[in-house]
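Asker: Input structure: model-v6.txt, which contains compact mmCIF, C-alpha atoms.
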```txt
# COMPACT_ATOMS: atom_id res chain seq x y z
CA MET A 1 112.08 124.15 113.22
CA GLU A 2 110.72 121.01 114.76
CA ASN A 3 107.54 119.68 113.14
CA LYS A 4 104.49 120.44 115.22
CA THR A 5 102.52 117.59 113.69
CA VAL A 6 104.13 114.17 113.97
CA VAL A 7 102.86 111.09 112.13
CA SER A 8 104.01 107.62 112.96
CA ALA A 9 102.96 104.52 111.07
CA GLU A 10 105.00 101.50 112.03
CA ASP A 11 105.51 98.84 109.40
CA GLY A 12 103.07 95.97 109.51
CA THR A 13 100.64 97.61 111.95
CA GLN A 14 97.02 98.57 111.35
CA GLU A 15 97.29 102.03 112.85
CA ILE A 16 98.50 105.56 112.37
CA LEU A 17 99.40 107.80 115.27
CA ILE A 18 99.17 111.57 114.77
CA THR A 19 100.26 113.98 117.48
CA ARG A 20 100.11 117.73 117.42
CA VAL A 21 100.99 120.41 119.96
CA PHE A 22 98.77 123.49 119.67
CA ASP A 23 99.49 127.01 120.65
CA LEU A 24 95.98 127.07 122.15
CA PRO A 25 94.48 126.42 125.58
CA LEU A 26 92.83 123.00 125.86
CA GLU A 27 89.38 124.56 126.01
CA LEU A 28 89.81 126.28 122.62
CA LEU A 29 91.29 123.18 121.01
CA PHE A 30 88.30 121.11 122.07
CA LYS A 31 85.86 123.80 120.97
CA ALA A 32 87.21 123.43 117.42
CA TYR A 33 85.86 119.87 117.47
CA GLU A 34 82.65 120.67 119.32
CA GLU A 35 81.18 123.69 117.56
CA PRO A 36 79.89 122.91 114.06
CA GLY A 37 80.58 126.44 112.77
CA LEU A 38 84.22 126.32 113.86
CA PHE A 39 84.69 122.74 112.67
CA GLU A 40 83.37 123.81 109.25
CA GLU A 41 85.85 126.62 109.09
CA TRP A 42 89.04 124.69 109.74
CA MET A 43 87.96 121.50 107.96
CA ASN A 44 86.63 123.40 104.92
CA ALA A 45 83.48 121.34 105.32
CA LYS A 46 79.75 121.58 105.77
CA VAL A 47 78.42 119.83 108.87
CA LEU A 48 75.24 117.83 108.16
CA LYS A 49 74.93 116.37 111.62
CA MET A 50 76.86 116.66 114.86
CA ASP A 51 75.30 115.08 117.90
CA ASN A 52 78.05 115.50 120.50
CA LYS A 53 77.25 112.78 123.01
CA ASP A 54 77.99 109.11 123.67
CA HIS A 55 76.37 107.12 120.84
CA GLY A 56 75.54 110.30 118.95
CA SER A 57 76.49 110.56 115.31
CA TYR A 58 77.98 113.02 112.87
CA ALA A 59 78.23 113.60 109.14
CA PHE A 60 79.94 116.23 107.03
CA GLU A 61 80.83 116.94 103.44
CA THR A 62 83.59 118.94 101.82
CA TRP A 63 83.15 121.14 98.78
CA HIS A 64 85.39 122.22 95.97
CA ASN A 65 84.29 124.55 93.16
CA GLY A 66 80.63 124.09 94.06
CA LYS A 67 80.77 120.29 94.01
CA VAL A 68 80.71 117.83 96.89
CA VAL A 69 84.05 116.08 96.77
CA PHE A 70 83.90 114.07 99.90
CA ARG A 71 81.32 112.89 102.41
CA ALA A 72 82.05 111.24 105.73
CA ASN A 73 80.08 110.04 108.72
CA GLY A 74 80.50 108.19 111.97
CA THR A 75 79.32 107.56 115.51
CA PHE A 76 80.72 108.89 118.75
CA HIS A 77 81.32 105.97 121.02
CA GLU A 78 82.52 108.29 123.73
CA PHE A 79 82.36 112.07 123.86
CA VAL A 80 84.07 113.47 126.97
CA PRO A 81 84.49 117.27 126.65
CA GLN A 82 88.10 118.46 126.87
CA LYS A 83 89.34 114.95 127.33
CA ARG A 84 88.46 112.35 124.76
CA ILE A 85 86.51 111.53 121.61
CA THR A 86 86.27 107.91 120.53
CA ARG A 87 84.52 107.67 117.19
CA THR A 88 84.15 105.70 114.01
CA PHE A 89 84.90 107.41 110.71
CA GLU A 90 83.69 106.30 107.32
CA MET A 91 84.27 107.88 103.95
CA GLU A 92 81.16 107.44 101.83
CA ASP A 93 81.38 105.98 98.32
CA THR A 94 84.96 104.78 98.71
CA PRO A 95 86.34 101.25 99.04
CA PHE A 96 87.65 102.12 102.52
CA PRO A 97 85.95 100.30 105.38
CA VAL A 98 85.05 102.21 108.54
CA GLN A 99 87.95 103.11 110.81
CA LEU A 100 88.15 103.60 114.57
CA GLU A 101 89.61 106.81 115.96
CA PHE A 102 90.76 107.65 119.47
CA LEU A 103 91.32 111.36 120.06
CA GLU A 104 92.93 112.33 123.35
CA PHE A 105 93.05 116.01 124.34
CA GLU A 106 95.60 117.10 126.93
CA GLU A 107 96.50 120.38 128.58
CA LEU A 108 100.24 121.12 128.48
CA THR A 109 100.29 124.64 129.94
CA ASN A 110 97.42 127.11 130.27
CA GLN A 111 98.24 128.34 126.76
CA THR A 112 99.23 125.09 125.02
CA SER A 113 97.59 121.74 124.49
CA LYS A 114 98.20 118.45 122.74
CA LEU A 115 96.05 116.19 120.60
CA THR A 116 96.92 112.54 120.11
CA MET A 117 94.94 110.79 117.42
CA GLN A 118 95.17 107.04 117.00
CA ILE A 119 93.48 105.68 113.89
CA VAL A 120 92.89 101.94 113.67
CA PHE A 121 92.20 100.36 110.27
CA ARG A 122 90.57 97.13 109.23
CA SER A 123 93.81 95.85 107.73
CA VAL A 124 97.46 96.81 107.21
CA GLU A 125 96.69 97.12 103.50
CA PHE A 126 93.92 99.69 104.02
CA ARG A 127 96.17 101.59 106.43
CA ASN A 128 98.88 101.78 103.77
CA ARG A 129 96.41 102.78 101.07
CA LEU A 130 95.10 105.64 103.15
CA LEU A 131 98.63 106.82 103.95
CA GLN A 132 99.35 106.94 100.25
CA MET A 133 96.23 108.92 99.39
CA PRO A 134 97.65 112.44 99.67
CA PHE A 135 100.79 111.20 97.90
CA ALA A 136 98.76 109.67 95.06
CA HIS A 137 96.72 112.87 94.92
CA GLY A 138 99.94 114.91 94.65
CA LEU A 139 101.21 112.61 91.89
CA ASN A 140 97.92 112.91 90.01
CA MET A 141 98.06 116.68 90.26
CA ALA A 142 101.64 116.67 88.99
CA HIS A 143 100.59 114.30 86.22
CA ASP A 144 97.63 116.52 85.27
CA ARG A 145 99.88 119.57 85.12
CA LEU A 146 102.32 117.65 82.95
CA GLN A 147 99.48 116.50 80.70
CA GLU A 148 98.28 120.10 80.39
CA LYS A 149 101.74 121.25 79.37
CA VAL A 150 102.05 118.42 76.84
CA ASN A 151 98.62 119.25 75.41
CA ARG A 152 99.68 122.84 74.93
CA LEU A 153 102.71 121.67 72.96
CA LYS A 154 100.58 119.65 70.58
CA MET B 1 120.92 104.96 108.33
CA LEU B 2 124.43 103.56 108.51
CA VAL B 3 124.55 102.51 104.87
CA ALA B 4 123.30 105.90 103.73
CA THR B 5 126.82 107.29 103.79
CA LYS B 6 128.74 104.38 102.23
CA ALA B 7 128.37 100.80 101.04
CA MET B 8 129.09 98.31 103.83
CA THR B 9 129.48 94.57 104.31
CA ALA B 10 127.04 92.64 106.53
CA GLY B 11 129.80 92.18 109.11
CA ALA B 12 130.53 95.88 109.23
CA ILE B 13 126.82 96.67 109.60
CA ALA B 14 126.41 94.06 112.37
CA SER B 15 129.40 95.40 114.31
CA ASN B 16 127.44 98.61 114.86
CA PHE B 17 124.58 96.85 116.64
CA ALA B 18 124.40 94.89 119.87
CA THR B 19 121.98 92.51 118.11
CA ALA B 20 123.10 89.01 117.08
CA ARG B 21 124.57 88.71 113.58
CA PRO B 22 121.75 86.41 112.26
CA THR B 23 119.17 89.01 113.36
CA VAL B 24 121.03 91.72 111.47
CA SER B 25 121.24 89.44 108.40
CA LYS B 26 117.50 88.88 108.59
CA HIS B 27 116.86 92.63 108.71
CA ILE B 28 119.16 93.10 105.72
CA GLN B 29 117.21 90.45 103.79
CA ILE B 30 113.91 92.20 104.53
CA LEU B 31 115.33 95.54 103.34
CA ILE B 32 116.55 93.86 100.14
CA GLU B 33 113.13 92.32 99.53
CA CYS B 34 111.55 95.75 99.93
CA GLU B 35 114.17 97.10 97.51
CA LEU B 36 115.40 99.53 100.13
CA LEU B 37 118.84 97.97 100.04
CA THR B 38 120.79 96.67 97.06
CA GLN B 39 123.74 94.31 97.14
CA GLU B 40 126.91 94.29 95.11
CA GLN B 41 129.62 91.64 95.07
CA ILE B 42 133.13 93.11 95.16
CA GLY B 43 135.78 90.38 95.26
CA ARG B 44 134.80 87.95 97.98
CA GLU B 45 132.72 90.46 99.91
CA ILE B 46 129.12 91.52 99.39
CA TYR B 47 128.52 95.22 99.92
CA TYR B 48 125.13 96.75 100.68
CA HIS B 49 123.96 100.14 99.42
CA ALA B 50 120.90 102.11 100.46
CA SER B 51 118.51 102.54 97.57
CA ALA B 52 117.94 106.26 97.94
CA SER B 53 115.08 106.64 95.47
CA LYS B 54 112.99 103.89 97.08
CA MET B 55 113.67 105.23 100.60
CA LYS B 56 112.61 108.65 99.45
CA GLU B 57 109.40 107.23 97.98
CA VAL B 58 108.38 105.66 101.33
CA ALA B 59 109.37 108.77 103.29
CA ASP B 60 107.59 110.94 100.71
CA TYR B 61 104.17 109.46 101.12
CA ILE B 62 104.28 109.60 104.89
CA GLU B 63 105.56 113.17 104.62
CA GLN B 64 102.69 114.12 102.28
CA PHE B 65 100.20 112.62 104.71
CA ARG B 66 101.87 114.50 107.59
CA GLN B 67 101.79 117.70 105.57
CA MET B 68 98.05 117.30 104.94
CA TRP B 69 97.36 117.01 108.67
CA ASP B 70 99.81 119.78 109.50
CA ASP B 71 97.98 122.15 107.11
CA ARG B 72 94.64 121.14 108.59
CA PHE B 73 95.83 121.67 112.18
CA ASN B 74 97.48 124.99 111.26
CA ARG B 75 94.08 126.12 109.98
CA LEU B 76 92.48 124.95 113.24
CA GLU B 77 95.02 127.00 115.21
CA THR B 78 94.43 130.10 113.08
CA VAL B 79 90.63 129.79 113.24
CA MET B 80 90.66 129.36 117.03
CA LYS B 81 93.07 132.24 117.62
CA LYS B 82 90.82 134.49 115.57
CA TYR B 83 87.76 133.20 117.48
CA ASN B 84 89.48 133.92 120.78
CA ARG B 85 90.16 137.54 119.86
CA LYS B 86 86.49 138.21 119.14
```
In structure tokens, write the structure found in this file.

Answerer:
Amino acid sequence: MENKTVVSAEDGTQEILITRVFDLPLELLFKAYEEPGLFEEWMNAKVLKMDNKDHGSYAFETWHNGKVVFRANGTFHEFVPQKRITRTFEMEDTPFPVQLEFLEFEELTNQTSKLTMQIVFRSVEFRNRLLQMPFAHGLNMAHDRLQEKVNRLK
Amino acid sequence: MLVATKAMTAGAIASNFATARPTVSKHIQILIECELLTQEQIGREIYYHASASKMKEVADYIEQFRQMWDDRFNRLETVMKKYNRK
């Protein structure tokens, strides 16, 4: 099956392009970004602020086992319902500088829609570090599991 | 992905592209510097091999990142389908 989510990150550039075709009408896709309750559900997050308008701001945090693992915030530069969100995104308490995100929402048919997300980073290096994050996380998990097994053998 | 199947000389690689030979050589050099390609001298010819483990490493971290977003968007799709049925 063809991948529904496509990521492209050309060598030496400061951006990542993510595209995804949804089996959802455009209106529902946009609602997932607009309604705090729905956003919380699919992002596994708690919305602290979501002021959906040009120059409004947002903040959310994610939880795991009763602890905050991640907090992020940003400002909407442009909030055009069912069309576009241009926003900044910053992960709190991390070395990553703020990034700029362009989200374009498109209707494909009356039952399908497409999201194109362009993320622009401060440098190529930060782009690459972010790309490696889930990979590093996976490696750490594998390493922890290995460590656990080794500990049990002791 | 020409060299993925067999080791090839620079000339053989270049003959597959419309690009000028020096451009191909430059690309080969970059791939060697990134350790994506390794070279081996056999007689008078230098053969190039793809370094599979390194290629997999690069592809792996982009794939993990893609997977993370795919999972997230799959959840979005499920949540919104459920919402729509209400």

Asker: Under the rule that all atoms listed in the file are counted, which of B:Ser25, B:Ser15, B:Thr9, B:Thr78 is the nearest residue to chain A?

Answerer: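 Using all atoms listed in the file, the shortest distance to chain A belongs to B:Thr78.
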
Asker: At a cut-off of 9 Å, list the chain A residues touching chain B, using only C-alpha atoms, as a VMD selection string.

Answerer: chain A and resid 3 to 9 18 20 22 to 24 28 to 29 31 to 32 38 to 39 41 to 43 130 to 136 138

Asker: Can you pull out every residue within 9 Å of Glu107 in chain A, counting all atoms listed in the file, but drop anything in the same chain fewer than 6 positions away, and send it as a VMD selection string?

Answerer: chain A and resid 25 to 27 82 113 to 114

Asker: Quick one, how far is CA of Asn52 in chain A from CA of Glu78 in chain A?

Answerer: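 If I compute the distance from CA of Asn52 in chain A to CA of Glu78 in chain A, I get 9.1 Å.
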
Asker: By how many Å are CA of Lys46 in chain A and CA of Gly74 in chain A apart?

Answerer: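 Result for CA of Lys46 in chain A versus CA of Gly74 in chain A: 14.8 Å, one decimal.
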
Asker: Quick check, in Å to one decimal: how far apart do CA of Asn65 in chain A and CA of Ile119 in chain A lie?

Answerer: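 These atoms are spaced 29.5 Å apart.
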
Asker: Measuring between all atoms listed in the file, which one of A:Glu10, A:Lys53, A:Thr88, A:Ala45 shows the shortest distance to Val68 in chain A?

Answerer: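 Counting all atoms listed in the file, the residue closest to Val68 in chain A is A:Ala45.
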
Asker: List as an mmCIF file with C-alpha atoms, in the frame of the given file the protein and nucleic acid residues near Lys49 in chain A, meaning an atom at most 12 Å away when only C-alpha atoms are counted, but skip any in the same chain fewer than 4 places from it.

Answerer:
```cif
data_model
loop_
_atom_site.group_PDB
_atom_site.id
_atom_site.type_symbol
_atom_site.label_atom_id
_atom_site.label_comp_id
_atom_site.auth_asym_id
_atom_site.auth_seq_id
_atom_site.Cartn_x
_atom_site.Cartn_y
_atom_site.Cartn_z
ATOM 1 C CA GLU A 34 82.650 120.670 119.320
ATOM 2 C CA GLU A 35 81.180 123.690 117.560
ATOM 3 C CA PRO A 36 79.890 122.910 114.060
ATOM 4 C CA GLY A 37 80.580 126.440 112.770
ATOM 5 C CA PHE A 39 84.690 122.740 112.670
ATOM 6 C CA GLU A 40 83.370 123.810 109.250
ATOM 7 C CA ALA A 45 83.480 121.340 105.320
ATOM 8 C CA GLY A 56 75.540 110.300 118.950
ATOM 9 C CA SER A 57 76.490 110.560 115.310
ATOM 10 C CA TYR A 58 77.980 113.020 112.870
ATOM 11 C CA ALA A 59 78.230 113.600 109.140
ATOM 12 C CA PHE A 60 79.940 116.230 107.030
ATOM 13 C CA GLU A 61 80.830 116.940 103.440
ATOM 14 C CA ARG A 71 81.320 112.890 102.410
ATOM 15 C CA ALA A 72 82.050 111.240 105.730
ATOM 16 C CA ASN A 73 80.080 110.040 108.720
ATOM 17 C CA GLY A 74 80.500 108.190 111.970
ATOM 18 C CA THR A 75 79.320 107.560 115.510
ATOM 19 C CA PHE A 76 80.720 108.890 118.750
#
```

Asker: I'd like the neighbourhood of Gly12 in chain A as a PyMOL selection string, where a residue qualifies if any of its atoms comes within 10 Å (using all atoms listed in the file), though same-chain residues fewer than 5 positions away should be ignored.

Answerer: chain A and resi 123-125+127-128

Asker: Go through A:Ile16, A:Pro81, A:Asp54, A:Met91 one by one, measure the shortest atom-to-atom distance of each to Glu106 in chain A using all atoms listed in the file, and give the residue with the smallest value.

Answerer: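 Among A:Ile16, A:Pro81, A:Asp54, A:Met91, it is A:Pro81 that comes nearest to Glu106 in chain A.
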
Asker: Restore all heavy atoms in range 7-18 of chain A and list the result as a PDB file, in the frame of the given file.

Answerer:
```pdb
ATOM      1  N   VAL A   7     103.625 112.264 112.557  1.00  0.00           N
ATOM      2  CA  VAL A   7     102.860 111.090 112.130  1.00  0.00           C
ATOM      3  C   VAL A   7     103.748 109.873 112.281  1.00  0.00           C
ATOM      4  O   VAL A   7     104.886 109.866 111.824  1.00  0.00           O
ATOM      5  CB  VAL A   7     102.417 111.231 110.656  1.00  0.00           C
ATOM      6  CG1 VAL A   7     101.887 109.906 110.118  1.00  0.00           C
ATOM      7  CG2 VAL A   7     101.359 112.310 110.511  1.00  0.00           C
ATOM      8  N   SER A   8     103.230 108.844 112.961  1.00  0.00           N
ATOM      9  CA  SER A   8     104.010 107.620 112.960  1.00  0.00           C
ATOM     10  C   SER A   8     103.135 106.459 112.521  1.00  0.00           C
ATOM     11  O   SER A   8     101.974 106.347 112.904  1.00  0.00           O
ATOM     12  CB  SER A   8     104.692 107.383 114.313  1.00  0.00           C
ATOM     13  OG  SER A   8     103.816 106.780 115.206  1.00  0.00           O
ATOM     14  N   ALA A   9     103.693 105.663 111.633  1.00  0.00           N
ATOM     15  CA  ALA A   9     102.960 104.520 111.070  1.00  0.00           C
ATOM     16  C   ALA A   9     103.966 103.384 110.978  1.00  0.00           C
ATOM     17  O   ALA A   9     104.713 103.285 110.019  1.00  0.00           O
ATOM     18  CB  ALA A   9     102.415 104.887 109.705  1.00  0.00           C
ATOM     19  N   GLU A  10     104.016 102.586 112.030  1.00  0.00           N
ATOM     20  CA  GLU A  10     105.000 101.500 112.030  1.00  0.00           C
ATOM     21  C   GLU A  10     104.659 100.443 111.001  1.00  0.00           C
ATOM     22  O   GLU A  10     103.487 100.132 110.787  1.00  0.00           O
ATOM     23  CB  GLU A  10     105.048 100.866 113.429  1.00  0.00           C
ATOM     24  CG  GLU A  10     105.988 101.607 114.351  1.00  0.00           C
ATOM     25  CD  GLU A  10     106.133 100.895 115.672  1.00  0.00           C
ATOM     26  OE1 GLU A  10     106.332  99.667 115.661  1.00  0.00           O
ATOM     27  OE2 GLU A  10     106.026 101.581 116.702  1.00  0.00           O
ATOM     28  N   ASP A  11     105.691  99.887 110.413  1.00  0.00           N
ATOM     29  CA  ASP A  11     105.510  98.840 109.400  1.00  0.00           C
ATOM     30  C   ASP A  11     104.701  97.682 109.948  1.00  0.00           C
ATOM     31  O   ASP A  11     104.905  97.251 111.075  1.00  0.00           O
ATOM     32  CB  ASP A  11     106.888  98.294 108.986  1.00  0.00           C
ATOM     33  CG  ASP A  11     107.447  99.090 107.837  1.00  0.00           C
ATOM     34  OD1 ASP A  11     106.741 100.005 107.372  1.00  0.00           O
ATOM     35  OD2 ASP A  11     108.575  98.790 107.413  1.00  0.00           O
ATOM     36  N   GLY A  12     103.807  97.173 109.149  1.00  0.00           N
ATOM     37  CA  GLY A  12     103.070  95.970 109.510  1.00  0.00           C
ATOM     38  C   GLY A  12     101.991  96.157 110.568  1.00  0.00           C
ATOM     39  O   GLY A  12     101.398  95.193 111.022  1.00  0.00           O
ATOM     40  N   THR A  13     101.707  97.409 110.970  1.00  0.00           N
ATOM     41  CA  THR A  13     100.640  97.610 111.950  1.00  0.00           C
ATOM     42  C   THR A  13      99.409  98.169 111.250  1.00  0.00           C
ATOM     43  O   THR A  13      99.490  98.651 110.128  1.00  0.00           O
ATOM     44  CB  THR A  13     101.044  98.582 113.086  1.00  0.00           C
ATOM     45  OG1 THR A  13     101.246  99.878 112.515  1.00  0.00           O
ATOM     46  CG2 THR A  13     102.307  98.122 113.780  1.00  0.00           C
ATOM     47  N   GLN A  14      98.273  98.113 111.942  1.00  0.00           N
ATOM     48  CA  GLN A  14      97.020  98.570 111.350  1.00  0.00           C
ATOM     49  C   GLN A  14      96.655  99.966 111.818  1.00  0.00           C
ATOM     50  O   GLN A  14      95.497 100.345 111.807  1.00  0.00           O
ATOM     51  CB  GLN A  14      95.891  97.618 111.759  1.00  0.00           C
ATOM     52  CG  GLN A  14      95.843  96.379 110.900  1.00  0.00           C
ATOM     53  CD  GLN A  14      94.993  95.311 111.517  1.00  0.00           C
ATOM     54  OE1 GLN A  14      95.522  94.335 112.024  1.00  0.00           O
ATOM     55  NE2 GLN A  14      93.687  95.479 111.484  1.00  0.00           N
ATOM     56  N   GLU A  15      97.657 100.721 112.322  1.00  0.00           N
ATOM     57  CA  GLU A  15      97.290 102.030 112.850  1.00  0.00           C
ATOM     58  C   GLU A  15      98.218 103.150 112.433  1.00  0.00           C
ATOM     59  O   GLU A  15      99.329 102.912 111.957  1.00  0.00           O
ATOM     60  CB  GLU A  15      97.197 101.965 114.370  1.00  0.00           C
ATOM     61  CG  GLU A  15      98.502 101.603 115.050  1.00  0.00           C
ATOM     62  CD  GLU A  15      98.387 101.698 116.559  1.00  0.00           C
ATOM     63  OE1 GLU A  15      97.507 101.030 117.132  1.00  0.00           O
ATOM     64  OE2 GLU A  15      99.187 102.440 117.152  1.00  0.00           O
ATOM     65  N   ILE A  16      97.711 104.350 112.605  1.00  0.00           N
ATOM     66  CA  ILE A  16      98.500 105.560 112.370  1.00  0.00           C
ATOM     67  C   ILE A  16      98.341 106.396 113.644  1.00  0.00           C
ATOM     68  O   ILE A  16      97.240 106.487 114.201  1.00  0.00           O
ATOM     69  CB  ILE A  16      97.958 106.400 111.187  1.00  0.00           C
ATOM     70  CG1 ILE A  16      97.981 105.583 109.884  1.00  0.00           C
ATOM     71  CG2 ILE A  16      98.780 107.669 111.002  1.00  0.00           C
ATOM     72  CD1 ILE A  16      97.355 106.320 108.697  1.00  0.00           C
ATOM     73  N   LEU A  17      99.442 106.947 114.096  1.00  0.00           N
ATOM     74  CA  LEU A  17      99.400 107.800 115.270  1.00  0.00           C
ATOM     75  C   LEU A  17      99.779 109.219 114.831  1.00  0.00           C
ATOM     76  O   LEU A  17     100.823 109.416 114.216  1.00  0.00           O
ATOM     77  CB  LEU A  17     100.398 107.278 116.303  1.00  0.00           C
ATOM     78  CG  LEU A  17     100.151 107.683 117.742  1.00  0.00           C
ATOM     79  CD1 LEU A  17      98.874 107.031 118.273  1.00  0.00           C
ATOM     80  CD2 LEU A  17     101.331 107.265 118.611  1.00  0.00           C
ATOM     81  N   ILE A  18      98.896 110.174 115.130  1.00  0.00           N
ATOM     82  CA  ILE A  18      99.170 111.570 114.770  1.00  0.00           C
ATOM     83  C   ILE A  18      99.187 112.387 116.058  1.00  0.00           C
ATOM     84  O   ILE A  18      98.232 112.315 116.836  1.00  0.00           O
ATOM     85  CB  ILE A  18      98.074 112.125 113.832  1.00  0.00           C
ATOM     86  CG1 ILE A  18      97.932 111.245 112.583  1.00  0.00           C
ATOM     87  CG2 ILE A  18      98.384 113.569 113.417  1.00  0.00           C
ATOM     88  CD1 ILE A  18      96.692 111.564 111.754  1.00  0.00           C
TER      89      ILE A  18
END
```
